[in-house]
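What follows is work.cif (mmCIF, C-alpha atoms).
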data_work
#
loop_
_atom_site.label_atom_id
_atom_site.label_comp_id
_atom_site.auth_asym_id
_atom_site.auth_seq_id
_atom_site.Cartn_x
_atom_site.Cartn_y
_atom_site.Cartn_z
CA MET A 23 153.27 134.45 89.95
CA LYS A 24 155.41 136.82 87.88
CA THR A 25 154.49 140.51 88.27
CA LYS A 26 155.09 142.75 85.24
CA SER A 27 157.91 145.24 85.77
CA PHE A 28 157.03 148.94 86.09
CA SER A 29 158.39 152.23 87.40
CA LEU A 30 156.58 154.82 89.53
CA ASN A 31 156.71 158.60 89.13
CA LEU A 32 155.48 161.09 91.75
CA ASN A 33 155.45 164.88 91.65
CA TYR A 34 152.70 166.12 93.99
CA LYS A 35 152.32 166.62 97.71
CA ILE A 36 149.37 164.79 99.24
CA LYS A 37 146.44 166.81 100.64
CA PRO A 38 144.97 166.33 104.17
CA PHE A 39 142.83 163.21 104.62
CA ASN A 40 140.58 161.51 107.18
CA LYS A 41 140.25 157.82 106.35
CA ASN A 42 139.66 154.32 107.73
CA ILE A 43 141.74 151.65 105.96
CA LYS A 44 142.81 148.02 106.15
CA VAL A 45 146.39 147.21 105.24
CA ASP A 46 147.64 144.01 103.66
CA SER A 47 147.75 140.90 105.84
CA ASP A 48 150.86 139.96 107.79
CA LYS A 49 153.48 138.34 105.57
CA SER A 50 155.39 136.65 108.41
CA LEU A 51 152.26 134.92 109.71
CA SER A 52 150.98 134.00 106.24
CA ILE A 53 154.20 132.22 105.30
CA ARG A 54 154.55 130.49 108.67
CA SER A 55 150.93 129.28 108.58
CA PHE A 56 151.44 127.46 105.29
CA LEU A 57 154.78 125.94 106.32
CA ILE A 58 153.59 124.69 109.71
CA GLY A 59 150.26 123.53 108.27
CA ALA A 60 152.19 121.43 105.75
CA ILE A 61 153.99 119.44 108.49
CA SER A 62 150.98 119.15 110.81
CA GLU A 63 148.40 116.36 110.86
CA ASP A 64 145.03 116.66 109.11
CA ILE A 65 143.75 119.84 107.47
CA SER A 66 144.63 123.35 108.61
CA ARG A 67 142.75 126.46 107.48
CA VAL A 68 144.34 129.86 106.86
CA ASP A 69 142.08 132.88 106.29
CA ASN A 70 142.88 136.47 105.29
CA VAL A 71 146.15 135.28 103.71
CA LEU A 72 148.47 137.87 102.19
CA GLU A 73 148.25 137.03 98.49
CA SER A 74 151.64 138.44 97.55
CA ASP A 75 154.62 137.19 95.54
CA ASP A 76 156.46 135.90 98.63
CA VAL A 77 153.44 133.91 99.79
CA PHE A 78 152.81 132.51 96.30
CA SER A 79 156.46 131.37 96.29
CA THR A 80 155.74 129.55 99.56
CA ILE A 81 152.69 127.78 98.11
CA ILE A 82 154.56 126.76 94.94
CA CYS A 83 157.50 125.32 96.94
CA LEU A 84 155.20 123.30 99.20
CA LYS A 85 153.23 121.90 96.27
CA LYS A 86 156.50 120.77 94.67
CA LEU A 87 157.21 118.92 97.93
CA GLY A 88 153.93 117.01 97.68
CA VAL A 89 151.67 119.21 99.84
CA LYS A 90 148.08 119.66 98.72
CA ILE A 91 146.88 123.25 99.14
CA LYS A 92 143.35 124.24 98.11
CA LYS A 93 142.10 127.80 97.67
CA ILE A 94 138.51 128.10 98.95
CA LYS A 95 137.99 131.78 98.12
CA LYS A 96 140.04 134.97 97.97
CA GLY A 97 142.45 134.91 100.93
CA SER A 98 141.25 131.54 102.31
CA TYR A 99 143.14 128.26 101.94
CA LEU A 100 143.11 124.68 103.19
CA VAL A 101 146.50 123.05 103.83
CA PHE A 102 146.38 119.24 103.80
CA GLY A 103 149.12 118.41 106.28
CA LYS A 104 151.52 115.54 105.53
CA GLY A 105 152.89 115.27 109.06
CA LEU A 106 156.47 115.61 110.28
CA GLY A 107 159.20 114.21 108.05
CA SER A 108 156.80 113.45 105.17
CA LEU A 109 157.75 116.02 102.57
CA PHE A 110 158.94 114.38 99.35
CA ALA A 111 161.39 115.71 96.74
CA LYS A 112 161.57 114.29 93.23
CA LYS A 113 164.98 113.79 91.66
CA ASN A 114 166.64 117.02 90.46
CA LEU A 115 163.98 119.16 92.13
CA LYS A 116 164.62 122.91 92.29
CA LEU A 117 162.93 125.16 94.85
CA ASN A 118 162.85 128.87 94.07
CA PHE A 119 162.26 131.10 97.11
CA GLY A 120 161.88 134.26 95.01
CA ASN A 121 162.63 137.33 97.13
CA SER A 122 161.66 135.77 100.46
CA GLY A 123 164.35 135.35 103.11
CA THR A 124 161.64 134.17 105.52
CA LEU A 125 160.61 131.33 103.22
CA ALA A 126 164.25 130.42 102.50
CA ARG A 127 165.37 130.13 106.12
CA LEU A 128 162.23 128.50 107.51
CA LEU A 129 161.74 125.93 104.75
CA ILE A 130 165.43 125.00 104.87
CA GLY A 131 164.90 124.46 108.61
CA ILE A 132 162.11 121.99 107.84
CA LEU A 133 163.96 120.25 105.00
CA SER A 134 167.22 119.82 106.91
CA THR A 135 165.72 117.18 109.21
CA ASN A 136 163.17 115.71 106.76
CA PRO A 137 164.59 112.37 105.52
CA ASP A 138 165.48 111.72 101.87
CA ILE A 139 165.68 115.34 100.77
CA GLU A 140 168.19 116.33 98.11
CA VAL A 141 167.18 119.55 96.35
CA LYS A 142 168.69 122.61 94.73
CA VAL A 143 167.57 125.85 96.38
CA LEU A 144 167.81 129.37 94.99
CA GLY A 145 166.14 132.77 94.97
CA ASP A 146 165.90 135.86 92.82
CA HIS A 147 168.87 138.13 92.09
CA SER A 148 168.48 139.97 95.42
CA LEU A 149 168.07 136.88 97.62
CA ASN A 150 170.95 135.07 95.91
CA LYS A 151 173.31 137.82 97.07
CA ARG A 152 172.35 137.50 100.75
CA SER A 153 174.55 135.43 103.06
CA MET A 154 173.07 132.22 104.48
CA LYS A 155 176.22 131.41 106.47
CA LYS A 156 174.59 131.49 109.92
CA LEU A 157 171.71 129.30 108.71
CA ILE A 158 174.04 126.77 107.06
CA ILE A 159 176.18 126.48 110.21
CA LEU A 160 173.08 125.85 112.35
CA MET A 161 171.51 123.29 110.03
CA SER A 162 174.88 121.52 109.72
CA GLU A 163 174.75 121.04 113.50
CA PHE A 164 171.55 119.03 112.96
CA GLY A 165 173.42 116.96 110.37
CA ALA A 166 172.30 118.53 107.07
CA GLU A 167 174.84 119.00 104.28
CA PHE A 168 175.14 121.95 101.88
CA LEU A 169 177.00 121.89 98.57
CA PRO A 170 179.30 123.31 97.34
CA LYS A 171 181.09 123.38 100.69
CA ASN A 172 182.16 126.78 102.02
CA LYS A 173 179.66 128.55 99.75
CA PHE A 174 177.18 130.60 101.75
CA ASN A 175 174.77 132.08 99.23
CA PHE A 176 172.25 130.61 96.78
CA PRO A 177 172.09 128.61 94.60
CA LEU A 178 172.98 125.64 96.81
CA LYS A 179 172.18 121.96 97.11
CA ILE A 180 170.78 120.77 100.44
CA ILE A 181 171.02 117.15 101.53
CA SER A 182 169.00 116.36 104.63
CA THR A 183 170.20 114.26 107.53
CA GLU A 184 168.83 110.77 108.15
CA MET A 185 169.61 110.95 111.88
CA PRO A 186 168.81 114.47 113.15
CA ILE A 187 169.70 115.15 116.78
CA GLY A 188 168.41 118.16 118.71
CA ILE A 189 170.86 121.00 119.37
CA ASN A 190 171.39 123.80 121.89
CA TYR A 191 171.27 127.28 120.39
CA LYS A 192 171.91 130.73 121.84
CA ALA A 193 169.66 132.93 119.72
CA GLY A 194 170.62 136.38 118.47
CA VAL A 195 168.30 139.04 117.07
CA SER A 196 167.11 137.02 114.06
CA ALA A 197 163.61 135.55 114.41
CA GLN A 198 164.14 133.70 111.12
CA LEU A 199 167.16 131.79 112.41
CA LYS A 200 165.35 131.04 115.67
CA SER A 201 162.35 129.75 113.71
CA ALA A 202 164.57 127.63 111.46
CA VAL A 203 166.04 125.94 114.55
CA ILE A 204 162.57 125.39 116.03
CA LEU A 205 161.28 123.84 112.79
CA ALA A 206 164.36 121.64 112.37
CA GLY A 207 164.04 120.55 115.99
CA LEU A 208 160.45 119.35 115.47
CA ASN A 209 161.62 116.32 113.48
CA SER A 210 164.85 115.71 115.43
CA TYR A 211 165.47 113.09 118.09
CA GLY A 212 165.65 114.34 121.66
CA LYS A 213 165.28 117.93 122.77
CA THR A 214 166.29 121.16 121.07
CA GLU A 215 166.96 124.04 123.47
CA ILE A 216 167.01 127.71 122.51
CA ILE A 217 168.22 130.35 124.94
CA GLU A 218 166.79 133.67 123.83
CA LYS A 219 168.69 136.64 125.18
CA PHE A 220 167.25 138.98 122.55
CA LYS A 221 163.49 138.46 122.37
CA SER A 222 162.68 138.49 118.66
CA ARG A 223 159.27 138.05 117.01
CA ASP A 224 157.52 134.88 118.13
CA HIS A 225 154.91 134.05 115.47
CA THR A 226 156.32 130.53 115.01
CA GLU A 227 156.03 129.80 118.72
CA ASN A 228 152.49 131.23 118.83
CA ILE A 229 151.27 128.93 116.04
CA LEU A 230 152.85 125.92 117.78
CA LYS A 231 151.71 126.80 121.33
CA ASN A 232 148.64 124.56 121.26
CA ASN A 233 150.93 121.53 120.93
CA PHE A 234 151.60 121.36 124.66
CA ASP A 235 153.88 118.30 124.52
CA VAL A 236 155.97 119.74 121.66
CA ILE A 237 156.98 123.23 122.79
CA LYS A 238 157.57 124.70 126.24
CA ILE A 239 158.59 128.32 126.85
CA LYS A 240 160.05 129.42 130.17
CA LYS A 241 160.05 133.22 130.30
CA GLY A 242 162.69 135.23 132.13
CA SER A 243 165.52 137.65 131.47
CA ASN A 244 166.63 134.97 129.00
CA ASN A 245 163.73 132.97 127.57
CA LEU A 246 164.22 129.21 127.33
CA ILE A 247 162.41 127.50 124.43
CA GLU A 248 162.34 123.70 124.52
CA ILE A 249 161.32 121.66 121.47
CA PHE A 250 160.57 117.96 122.03
CA GLY A 251 161.13 116.28 118.68
CA LYS A 252 159.31 113.53 116.80
CA LYS A 253 155.85 114.39 118.20
CA SER A 254 153.03 115.03 115.75
CA LEU A 255 151.55 118.51 115.39
CA ASN A 256 147.85 119.36 115.62
CA SER A 257 146.08 121.05 112.75
CA PHE A 258 144.91 124.62 113.33
CA SER A 259 142.79 127.47 111.98
CA ILE A 260 144.14 131.01 111.82
CA ASN A 261 142.84 134.35 110.60
CA VAL A 262 145.87 136.44 109.64
CA PRO A 263 145.72 140.05 110.94
CA GLY A 264 146.98 143.15 109.13
CA ASP A 265 150.74 143.63 108.90
CA PRO A 266 152.10 146.22 111.38
CA SER A 267 155.10 146.76 109.10
CA SER A 268 152.83 147.70 106.18
CA ALA A 269 150.78 149.90 108.53
CA ALA A 270 153.95 151.80 109.55
CA PHE A 271 154.16 153.59 106.17
CA PHE A 272 150.61 154.91 106.44
CA THR A 273 151.22 155.86 110.06
CA ALA A 274 154.21 157.98 109.00
CA LEU A 275 152.22 159.57 106.18
CA THR A 276 149.41 160.54 108.57
CA LEU A 277 151.68 161.86 111.33
CA LEU A 278 153.61 164.21 109.06
CA ASN A 279 150.73 165.32 106.82
CA GLU A 280 148.93 168.33 108.26
CA ASN A 281 145.31 168.04 109.46
CA SER A 282 145.09 164.31 108.77
CA THR A 283 143.69 161.38 110.74
CA MET A 284 143.58 157.65 110.09
CA LYS A 285 142.21 154.46 111.59
CA ILE A 286 143.93 151.24 110.50
CA LYS A 287 141.70 148.29 111.39
CA ASN A 288 142.57 144.76 112.53
CA VAL A 289 146.36 145.07 112.72
CA GLY A 290 148.63 142.56 114.45
CA LEU A 291 149.98 144.17 117.62
CA ASN A 292 152.36 141.44 118.72
CA PRO A 293 154.61 143.05 121.40
CA LYS A 294 157.69 141.96 119.40
CA ARG A 295 156.46 143.90 116.32
CA ILE A 296 155.42 147.32 117.67
CA GLY A 297 158.78 148.95 118.42
CA PHE A 298 158.11 151.52 115.66
CA TYR A 299 154.92 152.69 117.36
CA GLU A 300 156.44 152.67 120.86
CA ILE A 301 159.37 154.82 119.73
CA LEU A 302 157.10 157.38 118.07
CA LYS A 303 154.69 157.55 121.02
CA LYS A 304 157.65 158.23 123.35
CA HIS A 305 158.58 161.15 121.11
CA GLY A 306 155.13 162.73 121.19
CA ALA A 307 153.32 161.13 118.22
CA LYS A 308 149.53 160.89 118.55
CA ILE A 309 149.09 157.13 118.15
CA LYS A 310 146.61 154.95 120.02
CA PHE A 311 145.82 151.22 120.02
CA ASN A 312 142.08 150.55 120.34
CA ASN A 313 139.87 147.45 120.43
CA LYS A 314 142.72 145.16 121.49
CA ARG A 315 141.99 141.43 121.75
CA THR A 316 143.83 138.11 121.50
CA LYS A 317 143.14 135.63 118.71
CA ASN A 318 145.25 132.59 117.74
CA ASN A 319 147.76 133.61 120.46
CA GLU A 320 148.30 136.95 118.68
CA ILE A 321 147.22 140.41 119.88
CA ILE A 322 145.10 142.31 117.32
CA GLY A 323 143.69 145.83 117.41
CA ASP A 324 143.06 149.10 115.58
CA ILE A 325 145.65 151.88 115.23
CA ILE A 326 144.42 155.48 115.48
CA ILE A 327 146.79 158.15 114.17
CA LYS A 328 146.52 161.96 114.14
CA SER A 329 148.83 164.52 112.56
CA SER A 330 151.47 165.48 115.09
CA LYS A 331 155.00 166.83 115.03
CA LEU A 332 157.47 164.97 117.19
CA LYS A 333 158.52 166.87 120.31
CA LYS A 334 162.18 165.98 119.83
CA PRO A 335 164.54 164.12 117.47
CA ILE A 336 164.33 160.32 117.56
CA ILE A 337 166.76 158.47 119.82
CA THR A 338 166.49 154.66 119.76
CA PRO A 339 168.19 152.35 122.27
CA LYS A 340 170.18 149.35 121.03
CA ASN A 341 167.66 146.83 122.32
CA TYR A 342 164.92 147.99 119.93
CA TYR A 343 166.38 146.43 116.79
CA GLU A 344 164.45 143.15 117.00
CA LYS A 345 161.15 145.00 117.64
CA THR A 346 161.67 147.48 114.79
CA THR A 347 163.69 145.56 112.18
CA ASP A 348 161.52 146.28 109.14
CA GLU A 349 160.46 149.78 110.16
CA PHE A 350 163.84 151.50 110.52
CA PRO A 351 163.87 152.83 106.92
CA ILE A 352 160.56 154.66 107.41
CA LEU A 353 161.79 155.90 110.80
CA PHE A 354 164.78 157.39 108.94
CA CYS A 355 162.30 159.28 106.74
CA ILE A 356 160.45 160.64 109.78
CA ALA A 357 163.80 161.69 111.28
CA ALA A 358 164.72 163.53 108.07
CA LEU A 359 161.49 165.56 108.32
CA THR A 360 161.91 166.25 112.08
CA LYS A 361 164.19 169.12 113.08
CA GLY A 362 167.27 168.03 115.04
CA VAL A 363 169.74 165.14 115.13
CA SER A 364 168.17 161.69 115.42
CA VAL A 365 170.32 158.74 116.49
CA PHE A 366 169.55 155.09 115.67
CA LYS A 367 171.69 152.57 117.58
CA GLY A 368 172.21 148.85 117.05
CA VAL A 369 171.12 148.88 113.40
CA GLY A 370 174.17 147.26 111.76
CA ASP A 371 172.22 144.22 110.56
CA LEU A 372 170.18 146.45 108.21
CA ALA A 373 173.13 146.06 105.84
CA ASN A 374 172.09 142.40 105.35
CA LYS A 375 168.50 142.94 104.17
CA GLU A 376 167.18 142.93 100.58
CA SER A 377 169.61 145.80 100.09
CA ASN A 378 172.04 147.58 102.39
CA ARG A 379 169.23 149.64 103.86
CA ILE A 380 171.49 152.05 105.72
CA LYS A 381 173.50 152.99 102.62
CA GLU A 382 170.48 153.11 100.31
CA MET A 383 168.49 155.33 102.68
CA GLN A 384 171.54 157.60 103.02
CA LYS A 385 171.62 157.97 99.23
CA ILE A 386 167.93 158.92 99.16
CA LEU A 387 168.24 161.42 102.02
CA LYS A 388 171.28 163.00 100.37
CA GLN A 389 169.18 163.63 97.26
CA ILE A 390 166.88 165.89 99.33
CA ASN A 391 169.86 167.53 101.05
CA VAL A 392 169.50 165.74 104.41
CA LYS A 393 172.84 164.91 106.01
CA SER A 394 173.45 161.53 107.66
CA VAL A 395 176.52 159.87 109.19
CA ALA A 396 176.71 156.09 109.61
CA THR A 397 179.13 153.86 111.50
CA LYS A 398 179.08 150.06 111.62
CA ASN A 399 176.15 149.86 114.05
CA GLN A 400 174.65 153.36 114.18
CA ILE A 401 173.30 156.13 111.99
CA LYS A 402 172.76 159.83 112.78
CA ILE A 403 170.29 161.81 110.68
CA TYR A 404 170.41 165.60 110.74
CA GLY A 405 166.71 166.36 110.29
CA LYS A 406 165.62 169.59 108.67
CA GLY A 407 161.91 169.73 109.37
CA LEU A 408 160.82 171.52 106.19
CA ILE A 409 162.55 170.37 103.01
CA ASN A 410 163.31 172.82 100.21
CA ILE A 411 162.57 170.72 97.11
CA ARG A 412 163.68 173.31 94.58
CA ASN A 413 166.16 171.72 92.17
CA ARG A 414 165.86 168.47 94.15
CA SER A 415 164.66 165.04 93.05
CA ILE A 416 164.74 161.43 94.23
CA ARG A 417 165.87 158.65 91.93
CA VAL A 418 165.68 155.04 93.14
CA PRO A 419 167.41 152.39 90.99
CA ASN A 420 166.38 148.74 90.70
CA LEU A 421 167.25 147.61 94.24
CA LYS A 422 164.58 144.90 94.55
CA ASP A 423 163.87 146.22 98.06
CA HIS A 424 160.19 146.82 98.76
CA ARG A 425 160.80 148.87 101.94
CA ILE A 426 163.10 151.34 100.18
CA CYS A 427 160.54 151.79 97.38
CA MET A 428 157.71 152.41 99.86
CA CYS A 429 159.81 154.87 101.88
CA SER A 430 160.51 156.86 98.73
CA VAL A 431 156.79 157.14 97.99
CA ILE A 432 156.09 158.47 101.50
CA LEU A 433 158.90 161.05 101.21
CA ALA A 434 157.58 162.15 97.81
CA LEU A 435 153.99 162.56 99.05
CA LEU A 436 155.05 164.51 102.14
CA THR A 437 157.43 166.89 100.35
CA GLY A 438 156.20 167.02 96.74
CA VAL A 439 159.72 166.29 95.50
CA ASN A 440 159.92 164.85 91.99
CA THR A 441 160.52 161.12 92.43
CA LYS A 442 161.15 158.22 90.06
CA ILE A 443 161.35 154.65 91.39
CA LYS A 444 162.45 151.82 89.13
CA ASN A 445 161.02 148.29 89.37
CA PHE A 446 158.31 149.26 91.82
CA GLU A 447 156.68 145.84 91.32
CA THR A 448 159.00 144.54 94.05
CA VAL A 449 156.53 146.09 96.55
CA TYR A 450 154.10 143.31 95.59
CA THR A 451 156.29 140.85 97.54
CA SER A 452 154.82 142.26 100.77
CA SER A 453 152.13 144.85 100.06
CA PRO A 454 150.13 144.36 96.83
CA SER A 455 147.47 146.86 98.02
CA PHE A 456 149.96 149.67 98.73
CA LEU A 457 149.28 151.78 95.64
CA ASN A 458 145.50 151.28 95.88
CA LEU A 459 145.61 152.61 99.45
CA ILE A 460 147.78 155.57 98.43
CA LYS A 461 145.20 156.37 95.74
CA LEU A 462 142.36 156.07 98.28
CA LEU A 463 144.11 158.67 100.46
CA GLY A 464 144.38 161.09 97.54
CA GLY A 465 148.00 160.43 96.59
CA LYS A 466 148.85 161.03 92.92
CA PHE A 467 151.34 158.93 90.97
CA GLU A 468 152.04 157.74 87.45
CA ILE A 469 152.85 154.17 86.47
CA LYS A 470 155.35 153.66 83.65
CA ILE A 471 155.53 150.21 82.08
#

Output the file's structure as structure tokens, nothing else.
Amino acid sequence: MKTKSFSLNLNYKIKPFNKNIKVDSDKSLSIRSFLIGAISEDISRVDNVLESDDVFSTIICLKKLGVKIKKIKKGSYLVFGKGLGSLFAKKNLKLNFGNSGTLARLLIGILSTNPDIEVKVLGDHSLNKRSMKKLIILMSEFGAEFLPKNKFNFPLKIISTEMPIGINYKAGVSAQLKSAVILAGLNSYGKTEIIEKFKSRDHTENILKNNFDVIKIKKGSNNLIEIFGKKSLNSFSINVPGDPSSAAFFTALTLLNENSTMKIKNVGLNPKRIGFYEILKKHGAKIKFNNKRTKNNEIIGDIIIKSSKLKKPIITPKNYYEKTTDEFPILFCIAALTKGVSVFKGVGDLANKESNRIKEMQKILKQINVKSVATKNQIKIYGKGLINIRNRSIRVPNLKDHRICMCSVILALLTGVNTKIKNFETVYTSSPSFLNLIKLLGGKFEIKI
């Protein structure tokens, strides 16, 4: 689904609000539900799906691989599983992952050990620039081949292995690489073992948990994940909760907007996804989790936020990267509007996202006269509290990075600084309701086609 290109202009500070909202559904869970449903037995049902560009790319790729997917109503789909190793690729097939690194890494994990696969894989301009070296090295261990050799970005040709053997993998901070290994291991002979020193998001494991003979997780200082290959997967039903990463932007807007309150309903509160909220609560933000419950092995609840200035600048420990990966850019915005020097450690991998998020956020902060200093794995932001917007403006070029675009909107609404963001349609990859929610809260903007 191709979204028409447009720019966004903002020039007004938002007024106080008191609202209950629902944010867009979780992208990570939506994509994983379709992919795992496709290789399970029988029919799986996915409700409250995020109907965004990245998820539509997932559906299109799976249909090209012979998977039947039926839409029942808005946000609800049936996935007719083909079982492990049963995806089929026609000759000269091309799979376009769009902007989705999640789709790219996880589907390549599945395809690497699915027999008789020879396909060309590519993404949009942004995704094609991102390195897939770590993924290629891992899938090559299973026996898959990637052409041309020694090329580590899309477009590429993938040739699956006919004799996949389970591997041993020491996982880093990337949940996508961990998930790719898990999914490749499902159709491999023997056992795949993953030692997880850094505990990254575990949505893939949670969907698979009801297959007791397929996956075993031994928790400890280093988690051990064991995948027993060549065993069929059960179908499942899942209702996708709201995305905590999308909720983070509205949380920031509420915290820093005077006399405002917000309740965000039915948000995923997976412990591996709430680092943003934990950091802010430790620094004095008025944030509460209410109505917590567990559904489909995921914790869900409501987030209550009240306007509150942080008691001190933000200091994040190194071990929070995997719990806060997608939320660091909006944390940088909060730091810019909080008096004092905030320090973010262990954030070097932000350079490898849709854009170099450290450099791009530095450019934006510089435009509103906020100083920042970055090293390879750390950034310091010299927050000002109140921003003097006189003779200041924010200009965001076509970065194809939804998080940077959304951050710029929040900064504009909180300060009133004149802001122009090119190619804002990229936000639809993760949060198609973002502008509608901003409008509901009283935010003013102008769309330029």

*For stretch 109-116 of chain A: contacts at 12 Å, all atoms listed in the file, fewer than 6 positions along chain excluded, given as a PyMOL selection string*: chain A and resi 57-58+60-62+82-90+102-103+129+132-145+176-182+209

*Around (160.6, 159.2, 121.1) in the file's frame, which residues reach within 10 Å when counting all atoms listed in the file? Return as number ranges by chain?*
A: 298-307, 332-338, 364

*Would you list the residues near (172.3, 141.3, 112.5), meaning any protein, DNA or RNA residue with an atom at most 10 Å from that point in file coordinates, counting only C-alpha atoms, as JSON, numbers by chain?*
{"A": [194, 195, 196, 343, 344, 347, 368, 369, 370, 371, 372, 373, 374, 375, 399]}

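Residues with any atom within 7 Å of A:Ile326, counting only C-alpha atoms and excluding same-chain neighbours fewer than 5 positions away, are Met284, Lys285, Ile286, Ile309, Lys310 and Phe311 of chain A.
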
*When distances are computed from all atoms listed in the file, which of A:Arg315, A:Lys253, A:Lys308, A:Arg67 shows the smallest separation from A:Ser329?*
A:Lys308

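Across the model, the gap from atom CA of A:Tyr211 to atom CA of A:Ser108 is 15.6 Å.
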
*Between A:Asn458, A:Ser29, A:Asn70, A:Asn42, which is the closest to A:Lys93 once you count only C-alpha atoms?*
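Looking only at the distances to A:Lys93, the closest residue turns out to be A:Asn70.
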
*Output the residue selection produced by the PyMOL selection byres ((chain A and resi 59) around 12) on the file above, formatted as a ChimeraX atom specification.*
/A:51-58,60-68,80-81,84,89-91,99-106,132,205,226,229-230,254-260

*Evaluate the PyMOL selection byres ((chain A and resi 217) around 7) here and jot the selected residues down as an NGL selection string.*
:A and (191-193 or 215-216 or 218-219 or 244-247)

Provide an axis-aligned box for all listed atoms of stretch 25-32 of chain A, padding each side by 3 Å; report its centre and its edge lengths in Å to one decimal, as lines of an AutoDock Vina configuration file.
center_x = 156.4
center_y = 150.8
center_z = 88.5
size_x = 9.9
size_y = 26.6
size_z = 12.5

_To test your reading of the syntax: which residues would the PyMOL selection byres ((chain A and resi 442) around 8) return for the file shown? Reply as a PyMOL selection string._
chain A and resi 29-32+416-418+440-441+443-444

Could you write out that same residue set with C-alpha atoms as a short mmCIF file (atom, residue, chain, number, x, y, z; two decimals), keeping the file's coordinate frame?
data_model
loop_
_atom_site.label_atom_id
_atom_site.label_comp_id
_atom_site.auth_asym_id
_atom_site.auth_seq_id
_atom_site.Cartn_x
_atom_site.Cartn_y
_atom_site.Cartn_z
CA SER A 29 158.39 152.23 87.40
CA LEU A 30 156.58 154.82 89.53
CA ASN A 31 156.71 158.60 89.13
CA LEU A 32 155.48 161.09 91.75
CA ILE A 416 164.74 161.43 94.23
CA ARG A 417 165.87 158.65 91.93
CA VAL A 418 165.68 155.04 93.14
CA ASN A 440 159.92 164.85 91.99
CA THR A 441 160.52 161.12 92.43
CA ILE A 443 161.35 154.65 91.39
CA LYS A 444 162.45 151.82 89.13
#

*Tell me, in Å to one decimal, how far atom CA of A:Lys213 is from atom CA of A:Gly131.*
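Answer for the atom CA of A:Lys213 to atom CA of A:Gly131 separation: 15.6 Å.
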
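The closest residue to A:Ile36, picked from A:Ser394, A:Asn292, A:Asn121, A:Asn279 and counting all atoms listed in the file, is A:Asn279.
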
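Considering the residues A:Tyr342, A:Phe39, A:Phe168, A:Tyr450 and counting all atoms listed in the file, A:Ser282 has its shortest atom-to-atom contact with A:Phe39.
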
*For stretch 404-415 of chain A, work out the shell of residues within 7 Å, counting all atoms listed in the file and skipping chain neighbours fewer than 5 positions away, then give it as a list in words.*
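That gives Ala357, Ala358, Leu359, Thr360, Lys361, Gly362, Val363, Ser364, Gln389, Ile390, Val392, Lys393, Ser394, Thr437, Val439, Asn440 and Thr441 of chain A.
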
_Quick one: residues within 6 Å of A:Pro263, all atoms listed in the file, excluding same-chain residues fewer than 2 positions away - as a ChimeraX atom specification?_
/A:47,288-290

_Exercise: A:Leu421 partners within 8 Å, all atoms listed in the file, chain neighbours under 5 positions left out, as a list in words_ =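 Near neighbours after the sequence-gap exclusion: Ser148, Glu376, Ser377 and Asn445 of chain A.
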
Starting from the incomplete input, reconstruct N, CA and C atoms of stretch 345-355 of chain A and write that as a JSON list (two decimals), in the frame of the given file.
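Below you can see part-v7.json, which holds the result:
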[["chain", "number", "residue", "atom", "x", "y", "z"],
["A", 345, "LYS", "N", 162.56, 144.59, 117.63],
["A", 345, "LYS", "CA", 161.15, 145.00, 117.64],
["A", 345, "LYS", "C", 160.83, 145.97, 116.50],
["A", 346, "THR", "N", 161.86, 146.41, 115.76],
["A", 346, "THR", "CA", 161.67, 147.48, 114.79],
["A", 346, "THR", "C", 162.42, 147.19, 113.49],
["A", 347, "THR", "N", 162.80, 145.94, 113.29],
["A", 347, "THR", "CA", 163.69, 145.56, 112.18],
["A", 347, "THR", "C", 163.25, 146.14, 110.85],
["A", 348, "ASP", "N", 161.99, 145.91, 110.48],
["A", 348, "ASP", "CA", 161.52, 146.28, 109.14],
["A", 348, "ASP", "C", 161.11, 147.74, 109.03],
["A", 349, "GLU", "N", 160.99, 148.42, 110.17],
["A", 349, "GLU", "CA", 160.46, 149.78, 110.16],
["A", 349, "GLU", "C", 161.54, 150.87, 110.24],
["A", 350, "PHE", "N", 162.80, 150.48, 110.41],
["A", 350, "PHE", "CA", 163.84, 151.50, 110.52],
["A", 350, "PHE", "C", 163.91, 152.42, 109.30],
["A", 351, "PRO", "N", 163.81, 151.91, 108.06],
["A", 351, "PRO", "CA", 163.87, 152.83, 106.92],
["A", 351, "PRO", "C", 162.81, 153.94, 106.97],
["A", 352, "ILE", "N", 161.59, 153.62, 107.35],
["A", 352, "ILE", "CA", 160.56, 154.66, 107.41],
["A", 352, "ILE", "C", 160.79, 155.57, 108.63],
["A", 353, "LEU", "N", 161.39, 155.04, 109.68],
["A", 353, "LEU", "CA", 161.79, 155.90, 110.80],
["A", 353, "LEU", "C", 162.86, 156.90, 110.35],
["A", 354, "PHE", "N", 163.76, 156.48, 109.47],
["A", 354, "PHE", "CA", 164.78, 157.39, 108.94],
["A", 354, "PHE", "C", 164.11, 158.54, 108.19],
["A", 355, "CYS", "N", 163.03, 158.23, 107.46],
["A", 355, "CYS", "CA", 162.30, 159.28, 106.74],
["A", 355, "CYS", "C", 161.67, 160.27, 107.71]]
